[in-house]
$ cat coords_14.txt   # compact mmCIF, C-alpha atoms
# COMPACT_ATOMS: atom_id res chain seq x y z
CA MET A 1 0.00 0.00 0.00
CA ALA A 2 1.38 3.33 -1.10
CA ASN A 3 1.56 5.34 2.06
CA LEU A 4 -0.42 8.46 2.64
CA LYS A 5 2.58 10.76 2.82
CA ALA A 6 3.83 9.71 -0.62
CA LEU A 7 0.36 10.29 -2.04
CA ARG A 8 0.17 13.76 -0.52
CA GLY A 9 3.52 14.52 -2.12
CA ARG A 10 2.37 13.44 -5.53
CA ILE A 11 -0.82 15.43 -5.34
CA SER A 12 1.04 18.61 -4.47
CA SER A 13 3.59 18.04 -7.24
CA VAL A 14 0.85 17.54 -9.84
CA LYS A 15 -0.84 20.67 -8.52
CA SER A 16 2.25 22.79 -9.08
CA THR A 17 2.68 21.32 -12.56
CA GLN A 18 -0.90 22.31 -13.26
CA LYS A 19 -0.17 25.84 -12.13
CA ILE A 20 2.75 26.06 -14.56
CA THR A 21 0.80 24.71 -17.52
CA LYS A 22 -2.06 27.04 -16.74
CA ALA A 23 0.25 30.03 -16.65
CA MET A 24 1.84 28.94 -19.94
CA ASN A 25 -1.59 28.61 -21.47
CA MET A 26 -2.48 32.16 -20.51
CA VAL A 27 0.84 33.57 -21.69
CA ALA A 28 0.40 31.76 -25.01
CA ALA A 29 -3.11 33.18 -25.33
CA ALA A 30 -1.85 36.72 -24.86
CA LYS A 31 1.04 36.19 -27.26
CA LEU A 32 -1.27 34.55 -29.77
CA ARG A 33 -3.41 37.65 -29.96
CA ARG A 34 -0.35 39.76 -30.69
CA ALA A 35 0.96 37.29 -33.25
CA GLN A 36 -2.41 37.16 -34.98
CA ASP A 37 -2.50 40.95 -35.17
CA ALA A 38 0.97 40.91 -36.72
CA VAL A 39 -0.14 38.40 -39.36
CA GLU A 40 -3.21 40.51 -40.05
CA ALA A 41 -1.18 43.71 -40.29
CA SER A 42 1.29 42.26 -42.77
CA ARG A 43 -1.43 41.25 -45.19
CA PRO A 44 -2.00 44.56 -47.07
CA TYR A 45 1.63 44.69 -48.16
CA ALA A 46 1.74 41.07 -49.28
CA VAL A 47 -1.56 41.36 -51.15
CA ARG A 48 -0.48 44.42 -53.13
CA MET A 49 2.93 42.97 -53.81
CA GLU A 50 1.37 39.81 -55.15
CA ARG A 51 -0.99 41.78 -57.34
CA VAL A 52 1.68 43.91 -58.93
CA ILE A 53 4.01 40.95 -59.46
CA GLY A 54 1.14 38.91 -60.85
CA THR A 55 0.33 41.60 -63.39
CA LEU A 56 3.94 42.07 -64.38
CA ALA A 57 4.83 38.41 -64.47
CA SER A 58 2.01 37.45 -66.78
CA GLY A 59 3.46 39.91 -69.28
CA MET A 60 6.91 38.40 -68.93
CA ALA A 61 5.88 34.77 -69.06
CA GLY A 62 7.54 32.74 -71.76
CA ARG A 63 10.13 35.36 -72.57
CA ASP A 64 13.73 34.28 -72.71
CA ASP A 65 15.04 37.27 -70.83
CA ALA A 66 12.70 36.86 -67.86
CA PRO A 67 14.51 37.32 -64.52
CA ALA A 68 16.02 34.13 -63.08
CA LEU A 69 14.00 34.49 -59.90
CA LEU A 70 10.86 34.12 -61.98
CA ALA A 71 11.89 31.75 -64.74
CA GLY A 72 14.34 29.61 -62.75
CA THR A 73 17.84 28.59 -63.76
CA GLY A 74 16.61 26.12 -66.30
CA ASN A 75 17.67 23.25 -64.04
CA ASP A 76 16.05 21.56 -61.13
CA GLN A 77 18.87 19.39 -59.87
CA LYS A 78 19.88 21.29 -56.75
CA HIS A 79 17.23 21.98 -54.17
CA LEU A 80 17.26 24.09 -51.06
CA VAL A 81 14.73 23.41 -48.34
CA ILE A 82 14.22 26.10 -45.72
CA VAL A 83 12.73 24.63 -42.57
CA ALA A 84 11.19 27.26 -40.34
CA THR A 85 10.36 26.08 -36.84
CA ALA A 86 10.10 27.49 -33.35
CA GLU A 87 12.93 28.13 -30.93
CA ARG A 88 11.16 26.41 -28.10
CA GLY A 89 9.30 23.22 -27.44
CA LEU A 90 6.27 22.50 -25.28
CA CYS A 91 3.94 23.45 -28.06
CA GLY A 92 2.32 20.13 -28.88
CA GLY A 93 2.91 18.75 -32.34
CA PHE A 94 3.90 22.09 -33.84
CA ASN A 95 7.59 21.47 -34.46
CA THR A 96 7.11 17.76 -35.10
CA ASN A 97 4.55 18.42 -37.81
CA ILE A 98 6.75 20.90 -39.62
CA VAL A 99 9.72 18.57 -39.43
CA LYS A 100 7.56 15.70 -40.65
CA ALA A 101 6.49 17.72 -43.67
CA ALA A 102 10.11 18.71 -44.31
CA ARG A 103 11.28 15.08 -44.04
CA ALA A 104 8.63 13.97 -46.51
CA LYS A 105 9.69 16.68 -48.96
CA ILE A 106 13.39 15.90 -48.58
CA ALA A 107 12.84 12.14 -48.96
CA ASP A 108 10.71 12.83 -52.01
CA LEU A 109 13.41 14.97 -53.61
CA GLN A 110 16.16 12.52 -52.79
CA GLN A 111 14.18 9.65 -54.24
CA SER A 112 13.98 11.44 -57.55
CA GLY A 113 17.76 11.86 -57.42
CA LYS A 114 18.02 15.54 -56.56
CA ASP A 115 20.71 17.15 -54.44
CA VAL A 116 19.19 18.59 -51.31
CA GLN A 117 20.50 21.25 -48.96
CA ILE A 118 18.77 22.34 -45.81
CA LEU A 119 18.64 25.75 -44.21
CA CYS A 120 17.15 25.69 -40.73
CA VAL A 121 15.44 28.73 -39.29
CA GLY A 122 14.79 27.97 -35.65
CA ARG A 123 16.64 25.69 -33.29
CA LYS A 124 14.03 22.98 -32.97
CA GLY A 125 14.09 22.13 -36.65
CA ARG A 126 17.83 21.67 -36.62
CA ASP A 127 17.71 19.51 -33.50
CA ALA A 128 15.17 17.23 -35.11
CA LEU A 129 16.81 17.00 -38.52
CA ARG A 130 20.41 16.79 -37.36
CA ARG A 131 20.49 13.05 -36.83
CA GLN A 132 19.05 12.03 -40.17
CA TYR A 133 20.22 14.82 -42.44
CA GLY A 134 23.07 16.37 -40.48
CA SER A 135 25.40 16.57 -43.47
CA LEU A 136 22.81 18.39 -45.56
CA ILE A 137 22.22 21.23 -43.14
CA ILE A 138 24.26 24.13 -44.40
CA GLU A 139 23.28 26.64 -41.77
CA THR A 140 20.96 27.32 -38.89
CA ILE A 141 19.57 30.75 -38.23
CA GLU A 142 18.29 31.17 -34.71
CA PHE A 143 15.99 33.79 -33.35
CA ALA A 144 16.62 33.00 -29.70
CA GLY A 145 15.65 35.94 -27.55
CA VAL A 146 13.70 37.66 -30.31
CA ARG A 147 10.35 38.66 -28.91
CA ASN A 148 8.57 40.03 -31.91
CA ILE A 149 9.62 38.94 -35.35
CA GLY A 150 10.14 42.01 -37.49
CA PHE A 151 10.87 42.46 -41.15
CA GLU A 152 14.47 43.14 -40.19
CA HIS A 153 14.73 39.52 -39.02
CA ALA A 154 13.42 38.12 -42.28
CA GLN A 155 15.69 40.22 -44.43
CA PRO A 156 19.05 38.63 -43.55
CA VAL A 157 17.54 35.20 -44.27
CA ALA A 158 16.33 36.43 -47.63
CA GLN A 159 19.69 38.01 -48.43
CA LYS A 160 21.47 34.78 -47.62
CA VAL A 161 19.13 32.78 -49.84
CA LEU A 162 19.41 35.27 -52.69
CA ALA A 163 23.19 35.35 -52.48
CA MET A 164 23.28 31.56 -52.64
CA TYR A 165 20.93 31.61 -55.61
CA GLU A 166 23.16 34.04 -57.45
CA ASP A 167 26.18 31.85 -56.77
CA GLY A 168 24.29 28.97 -58.31
CA ALA A 169 24.19 26.99 -55.07
CA PHE A 170 20.67 25.79 -55.83
CA ASP A 171 18.02 25.88 -58.53
CA VAL A 172 14.80 25.50 -56.62
CA CYS A 173 13.96 26.65 -53.13
CA HIS A 174 11.13 25.43 -50.94
CA LEU A 175 10.01 26.87 -47.64
CA VAL A 176 8.44 24.65 -45.00
CA TYR A 177 6.41 26.39 -42.31
CA SER A 178 3.15 26.08 -40.48
CA LYS A 179 0.20 27.99 -41.77
CA PHE A 180 -2.09 29.45 -39.14
CA GLU A 181 -5.67 28.46 -39.86
CA SER A 182 -7.13 28.78 -36.39
CA VAL A 183 -6.17 28.19 -32.77
CA LEU A 184 -7.00 24.54 -33.25
CA ALA A 185 -5.61 24.02 -36.72
CA GLN A 186 -2.09 24.73 -37.92
CA VAL A 187 -1.29 23.26 -41.28
CA PRO A 188 2.32 22.40 -42.16
CA THR A 189 2.85 23.88 -45.59
CA VAL A 190 5.53 23.47 -48.24
CA ALA A 191 5.70 26.54 -50.45
CA GLN A 192 7.94 27.10 -53.44
CA LEU A 193 9.93 30.26 -52.99
CA ILE A 194 12.27 30.28 -55.96
CA PRO A 195 11.46 30.39 -58.83
CA ALA A 196 8.56 32.55 -57.74
CA GLN A 197 5.17 30.96 -57.82
CA VAL A 198 3.03 33.67 -59.30
CA ALA A 199 -0.69 33.71 -58.94
CA ASP A 200 -2.44 33.78 -62.26
CA ALA A 201 -3.05 37.37 -63.30
CA ASP A 202 -6.70 36.59 -63.94
CA ALA A 203 -7.08 35.05 -60.50
CA VAL A 204 -5.66 38.07 -58.72
CA GLU A 205 -8.20 40.71 -57.98
CA GLN A 206 -7.44 43.73 -60.11
CA PRO A 207 -8.47 47.25 -59.17
CA ASP A 208 -11.00 48.82 -61.48
CA LEU A 209 -9.06 51.11 -63.75
CA ASP A 210 -11.91 52.22 -65.95
CA GLY A 211 -10.15 50.70 -68.92
CA ALA A 212 -6.91 52.58 -68.26
CA VAL A 213 -3.58 50.77 -68.43
CA TYR A 214 -0.72 50.98 -65.96
CA THR A 215 2.33 52.97 -66.89
CA TYR A 216 5.55 51.58 -65.55
CA GLU A 217 8.43 53.67 -64.45
CA PRO A 218 11.15 52.49 -65.08
CA ASP A 219 9.95 49.75 -67.45
CA GLU A 220 8.21 46.54 -66.46
CA GLU A 221 11.36 44.50 -66.52
CA ASP A 222 13.31 46.71 -64.14
CA ILE A 223 10.43 46.91 -61.72
CA LEU A 224 10.06 43.16 -61.76
CA ARG A 225 13.78 42.75 -61.18
CA ALA A 226 13.55 45.05 -58.17
CA LEU A 227 10.41 43.44 -56.82
CA LEU A 228 11.27 39.77 -57.03
CA PRO A 229 14.09 39.79 -54.44
CA ARG A 230 11.87 41.88 -52.19
CA ASN A 231 9.12 39.35 -52.67
CA VAL A 232 11.38 36.59 -51.36
CA ALA A 233 11.92 38.60 -48.16
CA VAL A 234 8.20 39.28 -47.85
CA GLN A 235 7.37 35.60 -48.32
CA ILE A 236 9.86 34.58 -45.65
CA PHE A 237 8.57 37.29 -43.34
CA LYS A 238 5.01 36.11 -43.87
CA ALA A 239 6.02 32.51 -43.13
CA LEU A 240 7.78 33.57 -39.93
CA LEU A 241 4.72 35.48 -38.76
CA GLU A 242 2.39 32.61 -39.59
CA ASN A 243 4.78 30.33 -37.75
CA GLY A 244 4.73 32.63 -34.74
CA ALA A 245 0.95 32.61 -34.56
CA SER A 246 0.80 28.85 -35.15
CA GLU A 247 3.35 28.20 -32.42
CA GLN A 248 1.37 30.14 -29.84
CA GLY A 249 -1.87 28.54 -30.99
CA ALA A 250 -0.37 25.08 -30.72
CA ARG A 251 1.14 25.86 -27.33
CA MET A 252 -2.18 27.17 -26.07
CA THR A 253 -3.99 23.99 -27.08
CA ALA A 254 -1.22 21.77 -25.71
CA MET A 255 -1.12 23.61 -22.40
CA ASP A 256 -4.90 23.58 -22.14
CA ASN A 257 -4.84 19.81 -22.53
CA ALA A 258 -2.01 19.48 -20.04
CA THR A 259 -3.91 21.55 -17.49
CA ARG A 260 -6.99 19.40 -17.94
CA ASN A 261 -4.98 16.18 -17.65
CA ALA A 262 -3.33 17.44 -14.48
CA GLY A 263 -6.81 18.20 -13.10
CA ASP A 264 -7.98 14.66 -13.89
CA MET A 265 -4.89 13.24 -12.27
CA ILE A 266 -5.38 15.30 -9.12
CA ASP A 267 -8.99 14.05 -8.89
CA LYS A 268 -7.89 10.45 -9.24
CA LEU A 269 -5.08 10.77 -6.73
CA THR A 270 -7.33 12.56 -4.25
CA LEU A 271 -9.84 9.73 -4.52
CA ILE A 272 -7.17 7.11 -3.80
CA TYR A 273 -5.81 9.25 -0.99
CA ASN A 274 -9.23 9.60 0.68
CA ARG A 275 -9.99 5.93 0.30
CA GLN A 276 -6.71 4.93 1.92
CA ARG A 277 -7.13 7.38 4.72
CA GLN A 278 -10.61 5.97 5.38
CA ALA A 279 -9.22 2.43 5.24
CA ALA A 280 -6.57 3.35 7.80
CA ILE A 281 -9.19 4.87 10.10
CA THR A 282 -11.45 1.85 9.78
CA THR A 283 -8.57 -0.50 10.58
CA GLU A 284 -7.71 1.48 13.65
CA LEU A 285 -11.34 1.45 14.83
CA ILE A 286 -11.60 -2.30 14.35
CA GLU A 287 -8.44 -2.75 16.36
CA ILE A 288 -9.75 -0.62 19.21
CA ILE A 289 -13.19 -2.27 19.24
CA SER A 290 -11.85 -5.81 19.08
CA GLY A 291 -9.38 -4.87 21.81
CA ALA A 292 -12.23 -3.59 23.99
CA GLU A 293 -14.33 -6.71 23.30
CA ALA A 294 -11.49 -9.02 24.31
CA LEU A 295 -11.44 -7.56 27.78
CA MET B 1 -13.73 62.21 -60.37
CA ALA B 2 -13.09 62.74 -56.73
CA ASP B 3 -11.23 65.87 -55.70
CA ARG B 4 -9.20 63.94 -53.20
CA ILE B 5 -7.06 60.88 -53.42
CA GLN B 6 -6.90 57.98 -51.00
CA PHE B 7 -3.32 57.60 -49.82
CA GLU B 8 -1.96 54.50 -48.13
CA LEU B 9 1.52 53.93 -46.79
CA VAL B 10 2.25 50.26 -46.15
CA SER B 11 5.31 48.59 -44.69
CA PRO B 12 5.74 44.80 -44.55
CA ALA B 13 4.81 44.83 -40.87
CA ARG B 14 1.75 47.04 -41.00
CA LEU B 15 -0.41 49.68 -42.61
CA LEU B 16 1.23 52.90 -41.43
CA THR B 17 -1.26 55.44 -42.59
CA SER B 18 -4.39 55.68 -44.65
CA MET B 19 -5.96 59.06 -45.37
CA GLU B 20 -7.60 61.29 -47.94
CA VAL B 21 -5.20 63.86 -49.29
CA ASP B 22 -4.95 66.56 -51.96
CA MET B 23 -1.55 65.73 -53.32
CA ILE B 24 1.45 63.51 -52.67
CA VAL B 25 5.01 63.97 -53.88
CA VAL B 26 7.15 60.84 -53.98
CA PRO B 27 10.81 60.20 -54.87
CA GLY B 28 10.55 57.99 -57.96
CA THR B 29 13.67 56.24 -59.22
CA GLU B 30 13.53 58.36 -62.35
CA GLY B 31 12.76 61.60 -60.54
CA ASP B 32 10.30 62.93 -58.03
CA PHE B 33 6.72 63.08 -59.14
CA ALA B 34 3.51 64.46 -57.73
CA VAL B 35 0.23 62.62 -57.73
CA LEU B 36 -3.05 64.50 -57.88
CA PRO B 37 -6.57 63.06 -57.92
CA GLY B 38 -7.35 61.55 -61.30
CA HIS B 39 -3.73 60.66 -62.02
CA MET B 40 -3.32 57.93 -64.58
CA PRO B 41 -2.42 54.47 -63.28
CA VAL B 42 1.31 54.18 -62.65
CA VAL B 43 3.61 51.70 -60.99
CA SER B 44 7.01 53.07 -60.09
CA THR B 45 9.93 52.07 -57.95
CA LEU B 46 11.15 54.56 -55.35
CA ARG B 47 14.57 55.64 -54.25
CA PRO B 48 15.28 56.52 -50.61
CA GLY B 49 13.87 59.95 -49.82
CA ALA B 50 10.93 61.87 -48.51
CA VAL B 51 7.27 61.34 -49.27
CA ASP B 52 5.35 64.60 -48.88
CA VAL B 53 1.67 64.59 -48.15
CA PHE B 54 -0.38 67.72 -48.85
CA VAL B 55 -3.76 68.17 -47.22
CA GLY B 56 -5.98 71.23 -47.15
CA GLY B 57 -4.64 73.25 -50.06
CA THR B 58 -1.50 74.58 -48.35
CA ASP B 59 1.90 74.99 -49.96
CA LYS B 60 3.68 73.21 -47.17
CA PRO B 61 3.52 69.47 -46.79
CA SER B 62 1.33 68.63 -43.85
CA GLU B 63 3.11 65.36 -43.30
CA ARG B 64 6.39 63.92 -44.36
CA PHE B 65 7.69 60.38 -44.28
CA PHE B 66 11.12 59.05 -44.93
CA VAL B 67 11.06 55.92 -47.08
CA ALA B 68 14.09 53.74 -47.75
CA GLY B 69 13.07 52.61 -51.21
CA GLY B 70 10.07 50.58 -52.21
CA PHE B 71 7.45 51.09 -54.85
CA ALA B 72 4.33 53.10 -55.47
CA GLU B 73 1.13 52.22 -57.23
CA VAL B 74 -1.46 54.67 -58.48
CA ALA B 75 -4.84 53.31 -59.49
CA LEU B 76 -7.84 55.57 -59.99
CA ASP B 77 -7.97 57.78 -56.92
CA THR B 78 -6.01 55.45 -54.70
CA PHE B 79 -2.31 55.80 -54.17
CA THR B 80 -0.32 53.15 -52.37
CA VAL B 81 3.29 53.35 -51.29
CA LEU B 82 4.88 50.06 -50.34
CA ALA B 83 8.03 50.81 -48.41
CA GLU B 84 10.39 48.56 -46.54
CA THR B 85 11.14 51.23 -44.00
CA ALA B 86 8.97 54.27 -43.49
CA ILE B 87 9.44 56.74 -40.65
CA PRO B 88 7.48 59.95 -40.03
CA MET B 89 9.94 62.84 -40.36
CA GLY B 90 8.86 64.17 -37.00
CA ASP B 91 10.37 61.07 -35.38
CA LEU B 92 13.81 61.75 -36.83
CA ASP B 93 16.21 63.72 -34.74
CA ARG B 94 19.20 65.43 -36.26
CA SER B 95 21.77 65.04 -33.48
CA HIS B 96 20.67 61.47 -32.90
CA LEU B 97 21.12 60.67 -36.59
CA GLU B 98 24.56 62.27 -36.68
CA GLN B 99 25.56 60.21 -33.68
CA GLU B 100 24.30 57.06 -35.39
CA ILE B 101 26.25 57.92 -38.52
CA ALA B 102 29.43 58.39 -36.51
CA ASN B 103 28.83 55.06 -34.77
CA THR B 104 28.23 53.27 -38.04
CA ARG B 105 31.43 54.75 -39.53
CA GLU B 106 33.32 53.27 -36.60
CA ASP B 107 31.57 49.97 -37.16
CA ILE B 108 32.80 49.94 -40.74
CA GLU B 109 36.37 50.46 -39.60
CA ASP B 110 36.11 47.84 -36.91
CA ALA B 111 34.29 45.32 -39.05
CA ARG B 112 35.99 41.95 -38.91
CA SER B 113 34.32 40.27 -41.86
CA ASP B 114 33.23 41.52 -45.25
CA GLU B 115 29.67 40.67 -44.36
CA ASP B 116 29.74 42.93 -41.31
CA ARG B 117 31.31 45.71 -43.27
CA GLN B 118 28.76 45.46 -46.03
CA ALA B 119 25.89 45.51 -43.56
CA SER B 120 27.32 48.57 -41.83
CA GLU B 121 27.88 50.34 -45.14
CA GLU B 122 24.29 49.74 -46.14
CA ARG B 123 23.16 51.09 -42.82
CA LEU B 124 25.38 54.12 -43.27
CA SER B 125 23.98 55.01 -46.67
CA GLN B 126 20.47 54.64 -45.31
CA LEU B 127 21.26 56.93 -42.40
CA GLU B 128 22.80 59.50 -44.72
CA ASP B 129 19.71 59.41 -46.90
CA MET B 130 17.64 60.05 -43.81
CA LEU B 131 19.80 62.95 -42.77
CA ASN B 132 19.68 64.49 -46.23
CA SER B 133 15.92 64.40 -46.47
CA LEU B 134 15.66 65.71 -42.95
CA ALA B 135 17.92 68.63 -43.88
CA GLU B 136 15.67 69.36 -46.86
CA PHE B 137 12.62 69.19 -44.67
CA THR B 138 13.88 71.62 -42.07
CA ARG B 139 14.75 74.08 -44.84
CA VAL B 140 11.18 74.10 -46.16
$ encode --input "coords_14.txt" --output "structure tokens"
Amino acid sequence: MANLKALRGRISSVKSTQKITKAMNMVAAAKLRRAQDAVEASRPYAVRMERVIGTLASGMAGRDDAPALLAGTGNDQKHLVIVATAERGLCGGFNTNIVKAARAKIADLQQSGKDVQILCVGRKGRDALRRQYGSLIIETIEFAGVRNIGFEHAQPVAQKVLAMYEDGAFDVCHLVYSKFESVLAQVPTVAQLIPAQVADADAVEQPDLDGAVYTYEPDEEDILRALLPRNVAVQIFKALLENGASEQGARMTAMDNATRNAGDMIDKLTLIYNRQRQAAITTELIEIISGAEAL
Amino acid sequence: MADRIQFELVSPARLLTSMEVDMIVVPGTEGDFAVLPGHMPVVSTLRPGAVDVFVGGTDKPSERFFVAGGFAEVALDTFTVLAETAIPMGDLDRSHLEQEIANTREDIEDARSDEDRQASEERLSQLEDMLNSLAEFTRV
């Protein structure tokens, strides 16, 4: 029989765990709101960017002199996979799901005989991929200690990727991150970053120009050349923000579950504790009564 | 045709301002240009400089923003500036900027790697652009 003192100890330890998970849940909820606002606030820029690039790109499609960022290098042998994860754990399946999606993509590419390189953004992704694909990881960019992801954090990543592209280090670049659908649903997503995936010009909502046509200054080509590298940074920034919101959403759900489980456990332990205490009392009573009867 | 134009200044992180204005002057790559209501649709890249916003028929800009490059889109009575960095001129401080420039110059000299040096040099040119447009602004 587990003694009463040990039981009391366990109950109090589960109680303090519950307090921690509850606090983490509330912190995640507050951070989630901020992260969601950030995602929301970044949308106008991305939407307009996409629209302008969509319009321009449809005019450039099929031309030989289209920028490499749009048309590709003409090869698809060397692939770069950017894996964006969180810096911290304790957020349910968030990191695992991203890594799983990345693994599937990498395995897929390797099976079709491509060369794969991995760029990790976030410590957790590197930790998880190191064992299997350690030799493929070229670099890890960490955002430890960064509270709010800003555009200035996305830019160095983009610059690194663009510099590598110019050096011919890879032909195709994919970005793996977690898309924020809702607090309950975060969808690991693999998006192609380079060459740019452009939404069909017809699919993009165009402003009503009353039949007028855009004038471009300087010409279309130069604008497109200036915009495409910027678009890479914007895409990475967007992914980091979505990741941030997803992470907090996942952590909130995970911590909510943990708090509930701790509650269940406390209930169960308390029941056992009470039963044993009662059993001890009953035994003592029986001893006293039978002692009295024997006299 | 409306007699005012809807002006929006957007950075990657957020929508900085959205208002109805009379005229905007922006630093296009091929020269500054002004946008009035009813301007024809234009897409232009921007060089670092000042964006002037005119409201209420005055000669002086009622608001000024520093933008570090980006692009502008005019579509029937809406004008959107997409800038990577945009700071209201009022938030820039001359002595502070000069201090920053001095610091960055030192950084360039102390830079250990080419990467560091390049980053510092970029920062320096951005700061100098800021200072220049601030100098222009205070002269107005």
$ interface_residues --input "coords_14.txt" --of "chain B" --to "chain A" --cutoff "9 Å" --atoms "all atoms listed in the file" --output "list in words"
Val10, Ser11, Pro12, Ala13, Arg14, Leu15, Gly28, Thr29, Glu30, Met40, Pro41, Val42, Val43, Ser44, Thr45, Gly70, Phe71, Glu73, Val74, Ala75, Leu76, Thr80, Leu82, Ala83 and Glu84 of chain B
$ residues_near_point --input "coords_14.txt" --point "(29.9, 52.2, -35.7)" --cutoff "12 Å" --atoms "only C-alpha atoms" --output "PyMOL selection string"
chain B and resi 98-111+116-117+119-121+123-124+127
$ closest_residue --input "coords_14.txt" --among "A:Ile141, A:Ala57, A:Leu70, A:Leu32" --to "Gln155 in chain A" --atoms "only C-alpha atoms"
A:Ile141
$ atom_distance --input "coords_14.txt" --atom1 "CA of Lys31 in chain A" --atom2 "CA of Lys124 in chain A"
19.4 Å
$ closest_residue --input "coords_14.txt" --among "A:Glu284, A:Glu50, A:Asp76, A:Glu221" --to "Ser112 in chain A" --atoms "all atoms listed in the file"
A:Asp76
$ closest_residue --input "coords_14.txt" --among "A:Ala29, A:Val183, A:Ile82, A:Val47" --to "Ala158 in chain A" --atoms "all atoms listed in the file"
A:Ile82
$ closest_residue --input "coords_14.txt" --among "A:Arg88, A:Arg277, A:Lys5, A:Arg260" --to "Arg126 in chain A" --atoms "all atoms listed in the file"
A:Arg88
$ residues_around --input "coords_14.txt" --residues "Ala6 in chain A" --least-positions-apart "3" --cutoff "12 Å" --atoms "all atoms listed in the file" --output "JSON, numbers by chain"
{"A": [1, 2, 3, 9, 10, 11, 12, 13, 269, 272, 273, 276]}
$ write_last_selection --input "coords_14.txt" --atoms "C-alpha atoms" --output "short mmCIF file (atom, residue, chain, number, x, y, z; two decimals), in the frame of the given file"
data_model
loop_
_atom_site.label_atom_id
_atom_site.label_comp_id
_atom_site.auth_asym_id
_atom_site.auth_seq_id
_atom_site.Cartn_x
_atom_site.Cartn_y
_atom_site.Cartn_z
CA MET A 1 0.00 0.00 0.00
CA ALA A 2 1.38 3.33 -1.10
CA ASN A 3 1.56 5.34 2.06
CA GLY A 9 3.52 14.52 -2.12
CA ARG A 10 2.37 13.44 -5.53
CA ILE A 11 -0.82 15.43 -5.34
CA SER A 12 1.04 18.61 -4.47
CA SER A 13 3.59 18.04 -7.24
CA LEU A 269 -5.08 10.77 -6.73
CA ILE A 272 -7.17 7.11 -3.80
CA TYR A 273 -5.81 9.25 -0.99
CA GLN A 276 -6.71 4.93 1.92
#
$ residues_near_point --input "coords_14.txt" --point "(-5.6, 61.6, -47.0)" --cutoff "10 Å" --atoms "all atoms listed in the file" --output "ChimeraX atom specification"
/B:4-8,17-24,53-56,78-79
$ closest_residue --input "coords_14.txt" --among "B:Leu92, B:Val26, B:Leu16, B:Leu9" --to "Asp52 in chain B" --atoms "only C-alpha atoms"
B:Val26
$ residues_around --input "coords_14.txt" --residues "Val176 in chain A" --least-positions-apart "2" --cutoff "8 Å" --atoms "all atoms listed in the file" --output "PyMOL selection string"
chain A and resi 81-84+98+101-102+174+178+188-191
$ closest_residue --input "coords_14.txt" --among "B:Pro61, B:Pro27, B:Pro48, B:Pro37" --to "Ala86 in chain B" --atoms "only C-alpha atoms"
B:Pro48
$ atom_distance --input "coords_14.txt" --atom1 "CA of Asn97 in chain A" --atom2 "CA of Val187 in chain A"
8.3 Å
$ residues_around --input "coords_14.txt" --residues "Ser133 in chain B" --least-positions-apart "4" --cutoff "12 Å" --atoms "all atoms listed in the file" --output "compact mmCIF listing (two decimals) with C-alpha atoms, in the frame of the given file"
# COMPACT_ATOMS: atom_id res chain seq x y z
CA PRO B 27 10.81 60.20 -54.87
CA ARG B 47 14.57 55.64 -54.25
CA PRO B 48 15.28 56.52 -50.61
CA GLY B 49 13.87 59.95 -49.82
CA ALA B 50 10.93 61.87 -48.51
CA VAL B 51 7.27 61.34 -49.27
CA ASP B 52 5.35 64.60 -48.88
CA ARG B 64 6.39 63.92 -44.36
CA PHE B 65 7.69 60.38 -44.28
CA PHE B 66 11.12 59.05 -44.93
CA VAL B 67 11.06 55.92 -47.08
CA ALA B 68 14.09 53.74 -47.75
CA ILE B 87 9.44 56.74 -40.65
CA PRO B 88 7.48 59.95 -40.03
CA MET B 89 9.94 62.84 -40.36
CA GLY B 90 8.86 64.17 -37.00
CA LEU B 92 13.81 61.75 -36.83
CA ASP B 93 16.21 63.72 -34.74
CA ARG B 94 19.20 65.43 -36.26
CA LEU B 97 21.12 60.67 -36.59
CA GLN B 126 20.47 54.64 -45.31
CA LEU B 127 21.26 56.93 -42.40
CA GLU B 128 22.80 59.50 -44.72
CA ASP B 129 19.71 59.41 -46.90
CA PHE B 137 12.62 69.19 -44.67
CA THR B 138 13.88 71.62 -42.07
CA ARG B 139 14.75 74.08 -44.84
CA VAL B 140 11.18 74.10 -46.16
$ atom_distance --input "coords_14.txt" --atom1 "CA of Ala86 in chain A" --atom2 "CA of Arg33 in chain A"
17.2 Å
$ residues_around --input "coords_14.txt" --residues "Val232 in chain A" --least-positions-apart "3" --cutoff "7 Å" --atoms "only C-alpha atoms" --output "PyMOL selection string"
chain A and resi 158+193+228-229+235-236
$ decode --input "coords_14.txt" --residues "range 17-31 of chain B" --atoms "C-alpha atoms" --output "short mmCIF file (atom, residue, chain, number, x, y, z; two decimals), in the first residue's frame"
data_model
loop_
_atom_site.label_atom_id
_atom_site.label_comp_id
_atom_site.auth_asym_id
_atom_site.auth_seq_id
_atom_site.Cartn_x
_atom_site.Cartn_y
_atom_site.Cartn_z
CA THR B 17 -1.26 55.44 -42.59
CA SER B 18 -4.39 55.68 -44.65
CA MET B 19 -5.96 59.06 -45.37
CA GLU B 20 -7.60 61.29 -47.94
CA VAL B 21 -5.20 63.86 -49.29
CA ASP B 22 -4.95 66.56 -51.96
CA MET B 23 -1.55 65.73 -53.32
CA ILE B 24 1.45 63.51 -52.67
CA VAL B 25 5.01 63.97 -53.88
CA VAL B 26 7.15 60.84 -53.98
CA PRO B 27 10.81 60.20 -54.87
CA GLY B 28 10.55 57.99 -57.96
CA THR B 29 13.67 56.24 -59.22
CA GLU B 30 13.53 58.36 -62.35
CA GLY B 31 12.76 61.60 -60.54
#
